[in-house]
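Q: Mind having a look at this structure? Questions to follow.
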Amino acid sequence: MTYVINTLRLKMKIVAISVNNNNNISDHFGYSEKFIIYQINNNQITNKTVLKNPGHQPGSIPDYLNQNGVNVIICGGIGLSAIKLFNQCQIEVISGIKGDYEKVISDYLSGSLVSDNQACQEHMHQDEHH
């Protein structure tokens with residue numbers, strides 16, 4: 001099942017996109033190189049910054065992004081445990097996304113971003129989550 005993402009829920013959002021060194025959405029959320037952070041007001045980008053991934057420790061990235069005001073994360077593969085941690089921080093998770101991050105944010109803003117919103121199952125190991 002696929003979902004079209006509704007961007008009209010909040011007038012102001014801070015969106016983090018997990019990105020690899022090739023400026024594409026990272027296949028493995030926890031191992032992304034960086035997060036592109038967009039501040040969005042009334043569906044317009046008002047600020048863009050880059051945050052380096054603080055490291056792949058269970059629970060650390062949701063806390064890190066929450067402390068930076070993020071309320072939406074857009075990513076490729078992500079484990080169910082990470083999704084639950086983001087949900088506890090009241091951060092919306094949009095998963096199963098691929099491609100160049102600039103096209104992804106454009107699709108998000110236009111309301112045409114399509115996600116399968118499925119948790120990644122195949123790469124989960126004990127104490128390891130995307």
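To be explicit about the labels: the chains of the structure tokens are called A, B, and onward in the order shown, and within each one the residues are counted from 1, while ligands get numbers from 1 in the order they are shown.
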So which bits of chain A end up helix (DSSP H, G or I) when you DSSP the backbone, as a VMD selection string?
A: chain A and resid 29 to 31 60 to 67 80 to 88 101 to 110
Q: To test your reading of the structure, identify every residue in chain A that backbone DSSP assigns to strand (DSSP E or B), and report it as a ChimeraX atom specification.
A: /A:3-4,12-19,24-25,28,34-41,44-52,72-74,77,79,92-94,100,114-115,120,125,128
Q: What is the distance between atom CA of His28 of chain A and atom CA of Asn47 of chain A, in Å to one decimal?
A: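 Taking atom CA of His28 of chain A as the start and atom CA of Asn47 of chain A as the end point, the length is 25.4 Å.
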Q: Which residue gives the smallest distance to Pro58 of chain A among A:Tyr38, A:Lys13, A:Gln44, A:Leu80, with only C-alpha atoms counted?
A: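 Of the candidates, the smallest distance to Pro58 of chain A is held by A:Leu80.
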Q: Identify which of the residues A:Ile91, A:Gly77, A:Ile36, A:Thr49 lies closest to Asn117 of chain A, counting only C-alpha atoms when measuring atom-to-atom distances.
A: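 Of all the options, A:Gly77 lies closest to Asn117 of chain A.
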Q: Quick one: residues within 8 Å of Lys52 of chain A, only C-alpha atoms counted, chain neighbours fewer than 2 positions away excluded, as a PyMOL selection string?
A: chain A and resi 33-35+50+54
Q: So, with only C-alpha atoms as the atoms that count, which of A:Cys75, A:Asn68, A:Gln88, A:Phe29 lies closest to Tyr101 of chain A?
A: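 Of the candidates, the smallest distance to Tyr101 of chain A is held by A:Cys75.
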Q: Find the residue from A:Gly79, A:Ser60, A:Ile45, A:Asp100 that sits nearest to Asn20 of chain A; use only C-alpha atoms when measuring.
A: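 That would be A:Asp100, the residue with the smallest distance to Asn20 of chain A.
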Q: Using atom CA of Ile14 of chain A and atom CA of Ile40 of chain A as the two end points, give the distance in Å to one decimal.
A: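 It comes out at 6.1 Å.
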Q: Please compute the atom CA of Gln90 of chain A-atom CA of Asn22 of chain A distance, one decimal, in Å.
A: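 Computing it gives 29.1 Å between the two atoms.
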